[in-house]
Amino acid sequence: MAGSTLEIKDLHVSIEDEKILKGVNLTIKGGEFHAVMGPNGTGKSTLASAIMGHPKYEITQGSIFLDGKDVLEMEVDERAQAGLFLAMQYPSEISGVTNSDFLRSSINARREEGNEISLMKFIKEMDEAMDYLEIDKNMAQRYLNEGFSGGEKKRNEILQLMMIKPEIAILDEIDSGLDIDALKVVSKGINKLRDESFGCLIITHYQRLLNYITPDKVHVMMQGRVVKSGGPELAQRLEAEGYDWIKAELGIEDETVEQNA
Amino acid sequence: MTVETKLPYDKDYINEYSENRLEPEWMKSLRLYALEKSETLSMPKPDKTNITKWNFSDFTHAVDGATLTSLDELPEQIKDFLDSEAKQENLVIQRNQSVAFASLSASLKEKGVIFTDIFTALQENEELVKRYYMKDAVGIDENRLTALHAALMNGGVFVYVPKNVVIEEPLHTIFWQEDSKAASFNHVIVVAEENSSLTYVENYVSNNHEDETVANIVTEVIAHNNANISFGAVDNFAQGTTTYVNRRGVAYRDAVIDWALGQMNDGNTVSENITHLVGENARSNAKSVSVGRGKQSQNFTSKIVHFGKQSDGYILQHGVMKDSAVSIYNGIGKIEHGATKSNAEQESRVLMLSKNARGDANPILLIDEDDVTAGHAASVGRVDPVQLYYLMSRGISKMEAERLIIHGFLNPVVNQIPIKAVKDQLTQVIERKVN
Ligand SMILES: Nc1ncnc2c1ncn2[C@@H]1O[C@H](COP(=O)(O)OP(=O)(O)O)[C@@H](O)[C@H]1O
Ligand SMILES: [Mg+2]
């Protein structure tokens, strides 16, 4: 099987009765890397959160299917077990729970009861992934994201991604706050997962990350919609010229979601 | 209306009790004085918790327990407290009011360490006990219950570490209330002389789910100059026991007293943990966790009083409340005039797991000196839905995610318990209580 397919159709999302997404259409297949770009406040994180099932976001219209299964009918943990993963822009800090206990619970959650990963195998895999991402080993015993720097949190999200090995991953601003060396390391981790059975949606408002991870498709979000899609050349043009030409082309004055078009 | 608090234990009874145990004359007089005082003193009045209807009079005062010839005779529940692979040294097991098992390693004995039940200590180390017994930490006449404690003291241990002696391995006591009516008027004294260091851990356990009884416990912990005491406790009295426990510390110059208290009683409880930082640069970390369930009413006070210059106190209280349990958490940092450059910090957090549970955190700073630092943080809330979402987004079920968050919340104390078996046992108790 060549991986999973995530289909988002006409997605409308509100937060506290405020309409944020106004009809997003997007299909991601195993083996494909998509980039979603757009200035701040255009609804990118809302899209990611709605797919994963964040409690604050209300879906008012549209559908999300993963391999034909209705994602919107699933609880958050069921979505993860079905193969979805979201590297969050702002991961929660959880005191008293060590990173390694959390990771082990996460891995075991996707396995059958009685078929849990052995402690030895887990430690070995975690050590390897941490080495690969140049993460300090003591991070395994630190409490989950507590007191982590911005960069440490991002690496920790990618560590989870590498160990959980989902079918479809959404990476929300995984590059923000990273210096160039950290960016390279994180990109290396993501590229390692690249194969026929892994699909990825990379959300960013800089093109910088896309120098290291080449997307197959690029989408631009404005006013809570995908307003333009293209190939990697679209990202390059955005890097060179910014977003103004798209706004001019589409007659958009304020690209944020507040502005009702 | 107040509940009848007249006890069936009178002057004649106490006379006889003391004489049967061949107690020194001063102890007998102290008991009789305390009994007399108890008749006029008023009950303690814990802030915001009404204890006037709690049972403080229905109990059996003296219940013996059989000696153990081997630790294998212990029920599993008690065995759980013991590290199975460890040599069972430096351990006292009190069964009801009798010593069922006692061991102290030869090397510690040689160094002059005393670790024995309180009655033996009264015989063999009379002067030392007399020097510390309700003198510097808890007073006989603070209230009716402290006086009753002194009058009816019926168990406990005495720990003494001489000057410059550093003990690595923990000293461990298990107070096992096997009889469902047996009261615990335990008195624990821990004294660390200059430059000495020790770790002490105690467990309280009973199974009286229906029968009612009383625990009225006083613990006095004294750290002399530059001594270091790490004190761990897991209280696990069953529902039928009404508990009033006073754990008090006095730290002299450069001394440290660290507390890690797992307060897991199932009955109504008033627990006070007070540390006096008397000497310059004395320090204390007072950490406690608690879980309330059923219709339990509890009142926890964690207080550090700064007298010494540059003294440093940190209070942490974390509580989990479910069902219709009610708890009050009083965190009190007090800096006396003259205790310049002292630091009083505290953090009280309560996690509510049900609609009918109630928890109040009362952070109090009383500061009578300008040149100091102090701070407090308090919160009462529910499991954060965004934290749950984060954990669940990795495939973890809601139940397991809640479990992780709750255990994580109580971990600052669990992790501090120095005996692995006791720590594991505390984790199990928490597991049982929160699920
Ligand atoms: N928690 C929230 N509560 C209320 N409004 C929100 C919340 N999060 C986002 N929004 C609104 O949704 C808009 C889009 O936010 P977001 O999806 O985070 O954009 P992006 O990720 O593209 O920067 C924001 O500009 C804000 O107006
Ligand atoms: Mg965002």
# chains A, B, ... in the order shown; residues from 1 in each chain; ligands from 1
>>> closest_atom_pairs(of="chain B", to="chain A", cutoff="10 Å", atoms="only C-alpha atoms", output="tab-separated table")
residue	atom	partner	partner_atom	distance
B:Asp384	CA	A:Ser92	CA	9.8
B:Pro385	CA	A:Pro55	CA	7.2
B:Val386	CA	A:Ser92	CA	7.2
B:Gln387	CA	A:Ser92	CA	5.7
B:Leu388	CA	A:Ser92	CA	9.1
B:Tyr389	CA	A:His54	CA	6.3
B:Tyr390	CA	A:Ser92	CA	6.4
B:Leu391	CA	A:Phe102	CA	8.0
B:Met392	CA	A:Asp77	CA	4.6
B:Ser393	CA	A:Asp77	CA	5.5
B:Arg394	CA	A:Ser106	CA	5.4
B:Gly395	CA	A:Asp77	CA	4.2
B:Ile396	CA	A:Ala109	CA	5.5
B:Ser397	CA	A:Asp77	CA	5.7
B:Lys398	CA	A:Asp77	CA	7.4
B:Glu400	CA	A:Ser105	CA	8.7
B:Ala401	CA	A:Ser105	CA	9.3
B:Leu404	CA	A:Val97	CA	6.5
B:Ile405	CA	A:Ile94	CA	7.0
B:Ile406	CA	A:Gly96	CA	8.7
B:His407	CA	A:Gly96	CA	7.1
B:Gly408	CA	A:Gly96	CA	3.5
B:Phe409	CA	A:Gly96	CA	5.7
B:Leu410	CA	A:Gly96	CA	7.3
B:Asn411	CA	A:Gly96	CA	5.4
B:Pro412	CA	A:Gly96	CA	6.9
B:Val414	CA	A:Gly96	CA	9.9
B:Asn415	CA	A:Gly96	CA	9.2
>>> write_last_selection(atoms="C-alpha atoms", output="PDB file, in the first residue's frame")
ATOM      1  CA  ASP B 384      -6.201  21.481  31.592  1.00  0.00           C
ATOM      2  CA  PRO B 385      -8.074  20.439  28.416  1.00  0.00           C
ATOM      3  CA  VAL B 386      -5.202  21.674  26.248  1.00  0.00           C
ATOM      4  CA  GLN B 387      -2.730  19.459  28.122  1.00  0.00           C
ATOM      5  CA  LEU B 388      -5.117  16.541  27.651  1.00  0.00           C
ATOM      6  CA  TYR B 389      -5.362  17.361  23.963  1.00  0.00           C
ATOM      7  CA  TYR B 390      -1.586  17.396  23.626  1.00  0.00           C
ATOM      8  CA  LEU B 391      -1.173  13.977  25.228  1.00  0.00           C
ATOM      9  CA  MET B 392      -4.130  12.513  23.340  1.00  0.00           C
ATOM     10  CA  SER B 393      -2.762  13.837  20.058  1.00  0.00           C
ATOM     11  CA  ARG B 394      -0.038  11.230  20.481  1.00  0.00           C
ATOM     12  CA  GLY B 395      -2.588   8.438  20.708  1.00  0.00           C
ATOM     13  CA  ILE B 396      -2.806   8.280  24.488  1.00  0.00           C
ATOM     14  CA  SER B 397      -6.358   7.612  25.718  1.00  0.00           C
ATOM     15  CA  LYS B 398      -8.171  10.231  27.729  1.00  0.00           C
ATOM     16  CA  GLU B 400      -4.350   7.435  30.540  1.00  0.00           C
ATOM     17  CA  ALA B 401      -3.676  11.092  29.748  1.00  0.00           C
ATOM     18  CA  LEU B 404      -0.296  10.903  33.580  1.00  0.00           C
ATOM     19  CA  ILE B 405      -1.239  14.480  34.423  1.00  0.00           C
ATOM     20  CA  ILE B 406      -2.403  13.603  37.943  1.00  0.00           C
ATOM     21  CA  HIS B 407       0.639  11.500  38.755  1.00  0.00           C
ATOM     22  CA  GLY B 408       2.832  14.195  37.284  1.00  0.00           C
ATOM     23  CA  PHE B 409       1.136  16.730  39.505  1.00  0.00           C
ATOM     24  CA  LEU B 410       1.897  14.658  42.604  1.00  0.00           C
ATOM     25  CA  ASN B 411       5.397  13.682  41.521  1.00  0.00           C
ATOM     26  CA  PRO B 412       7.347  16.468  43.244  1.00  0.00           C
ATOM     27  CA  VAL B 414       6.630  11.036  45.264  1.00  0.00           C
ATOM     28  CA  ASN B 415      10.053  11.413  43.663  1.00  0.00           C
TER      29      ASN B 415
END
>>> residues_near_ligand(ligand="ligand 1", cutoff="6 Å", atoms="only C-alpha atoms and all ligand atoms", output="ChimeraX atom specification")
/A:15,20,40-46,257
>>> write_last_selection(atoms="N, CA and C atoms", output="JSON list (two decimals), in the first residue's frame")
[["chain", "number", "residue", "atom", "x", "y", "z"],
["A", 15, "ILE", "N", -13.85, 29.65, 16.18],
["A", 15, "ILE", "CA", -13.42, 29.63, 17.58],
["A", 15, "ILE", "C", -14.31, 30.62, 18.30],
["A", 20, "ILE", "N", -13.19, 31.37, 11.42],
["A", 20, "ILE", "CA", -11.77, 31.48, 11.08],
["A", 20, "ILE", "C", -11.50, 30.85, 9.71],
["A", 40, "ASN", "N", 1.07, 35.72, 9.10],
["A", 40, "ASN", "CA", 0.44, 35.44, 10.40],
["A", 40, "ASN", "C", -1.04, 35.79, 10.37],
["A", 41, "GLY", "N", -1.80, 34.99, 11.10],
["A", 41, "GLY", "CA", -3.22, 35.32, 11.27],
["A", 41, "GLY", "C", -4.09, 34.95, 10.09],
["A", 42, "THR", "N", -3.62, 34.05, 9.24],
["A", 42, "THR", "CA", -4.42, 33.69, 8.07],
["A", 42, "THR", "C", -5.13, 32.35, 8.23],
["A", 43, "GLY", "N", -4.94, 31.69, 9.38],
["A", 43, "GLY", "CA", -5.71, 30.47, 9.67],
["A", 43, "GLY", "C", -4.93, 29.16, 9.55],
["A", 44, "LYS", "N", -3.61, 29.24, 9.43],
["A", 44, "LYS", "CA", -2.81, 28.02, 9.23],
["A", 44, "LYS", "C", -2.88, 27.09, 10.45],
["A", 45, "SER", "N", -2.64, 27.67, 11.64],
["A", 45, "SER", "CA", -2.70, 26.85, 12.86],
["A", 45, "SER", "C", -4.11, 26.33, 13.11],
["A", 46, "THR", "N", -5.09, 27.14, 12.74],
["A", 46, "THR", "CA", -6.47, 26.70, 12.91],
["A", 46, "THR", "C", -6.73, 25.44, 12.09],
["A", 257, "VAL", "N", -7.79, 36.67, 8.80],
["A", 257, "VAL", "CA", -9.15, 36.12, 8.77],
["A", 257, "VAL", "C", -10.20, 37.10, 9.27]]
>>> residues_around(residues="segment 14-21 of chain B", least_positions_apart="5", cutoff="9 Å", atoms="only C-alpha atoms", output="PyMOL selection string")
chain B and resi 9+27-29+31-32+35+62+119+151-152
>>> write_last_selection(atoms="N, CA and C atoms", output="short mmCIF file (atom, residue, chain, number, x, y, z; two decimals), in the first residue's frame")
data_model
loop_
_atom_site.label_atom_id
_atom_site.label_comp_id
_atom_site.auth_asym_id
_atom_site.auth_seq_id
_atom_site.Cartn_x
_atom_site.Cartn_y
_atom_site.Cartn_z
N TYR B 9 -10.68 7.47 79.86
CA TYR B 9 -9.31 7.31 80.39
C TYR B 9 -9.03 8.42 81.40
N MET B 27 7.84 11.42 83.54
CA MET B 27 6.93 11.12 82.44
C MET B 27 5.52 10.94 82.97
N LYS B 28 5.43 10.26 84.10
CA LYS B 28 4.12 10.06 84.70
C LYS B 28 3.51 11.42 85.08
N SER B 29 4.33 12.26 85.67
CA SER B 29 3.82 13.59 86.07
C SER B 29 3.41 14.40 84.85
N ARG B 31 2.33 13.28 82.06
CA ARG B 31 1.05 12.75 81.56
C ARG B 31 -0.12 13.28 82.41
N LEU B 32 0.08 13.26 83.72
CA LEU B 32 -1.03 13.68 84.60
C LEU B 32 -1.30 15.17 84.47
N LEU B 35 -3.16 15.62 81.27
CA LEU B 35 -4.55 15.21 81.39
C LEU B 35 -5.39 16.32 82.02
N ALA B 62 -5.17 1.10 74.56
CA ALA B 62 -4.03 0.18 74.64
C ALA B 62 -4.37 -1.14 73.98
N PHE B 119 9.29 3.78 74.26
CA PHE B 119 9.29 3.26 75.63
C PHE B 119 10.67 2.71 76.01
N ALA B 151 -0.94 13.13 77.44
CA ALA B 151 -1.50 12.30 78.50
C ALA B 151 -1.55 10.83 78.08
N LEU B 152 -1.86 10.58 76.83
CA LEU B 152 -2.17 9.22 76.39
C LEU B 152 -1.13 8.62 75.45
#
>>> atom_distance(atom1="atom CA of Phe231 of chain B", atom2="atom CA of Arg293 of chain B")
25.6 Å
>>> residues_around(residues="Val350 of chain B", least_positions_apart="2", cutoff="7 Å", atoms="only C-alpha atoms", output="PDB file with C-alpha atoms, in the first residue's frame")
ATOM      1  CA  HIS B 318      -0.191  19.757  45.770  1.00  0.00           C
ATOM      2  CA  GLY B 319      -3.621  18.236  46.299  1.00  0.00           C
ATOM      3  CA  VAL B 320      -6.052  16.245  44.196  1.00  0.00           C
ATOM      4  CA  SER B 348      -0.098  25.576  46.637  1.00  0.00           C
ATOM      5  CA  MET B 352     -10.257  19.112  41.159  1.00  0.00           C
ATOM      6  CA  GLY B 359     -10.390  22.744  47.555  1.00  0.00           C
ATOM      7  CA  SER B 379      -4.177  27.829  42.089  1.00  0.00           C
ATOM      8  CA  VAL B 380      -7.275  25.704  42.181  1.00  0.00           C
ATOM      9  CA  GLY B 381      -8.332  24.212  38.893  1.00  0.00           C
TER      10      GLY B 381
END
>>> closest_residue(among="A:Lys124, A:Lys188, A:Lys22, A:Lys29", to="Lys137 of chain A", atoms="only C-alpha atoms")
A:Lys124
>>> select_by_dssp(residues="segment 55-223 of chain B", states="alpha helix (DSSP H)", output="PyMOL selection string")
chain B and resi 76-79+106-110+118-124+126-132+144-152
>>> select_by_dssp(residues="segment 89-181 of chain A", states="strand (DSSP E)", output="list in words")
Ile168, Ala169, Ile170, Leu171 and Asp172 of chain A
>>> closest_residue(among="A:Gln61, A:Ser149, A:Asn138, A:Ser176", to="ligand 2", atoms="only C-alpha atoms and all ligand atoms")
A:Ser176
>>> closest_residue(among="A:Leu66, A:Ile252, A:Asn99, A:Gln89", to="Gly177 of chain A", atoms="only C-alpha atoms")
A:Gln89
>>> closest_residue(among="B:Gln296, B:Ser70, B:Asn203, B:Asn225", to="Gln425 of chain B", atoms="only C-alpha atoms")
B:Asn203
>>> closest_residue(among="B:Ser271, B:Ser284, B:Thr242, B:Gln298", to="Ile328 of chain B", atoms="only C-alpha atoms")
B:Gln298
>>> residues_around(residues="segment 24-26 of chain A", least_positions_apart="4", cutoff="6 Å", atoms="only C-alpha atoms", output="number ranges by chain")
A: 8-11, 225
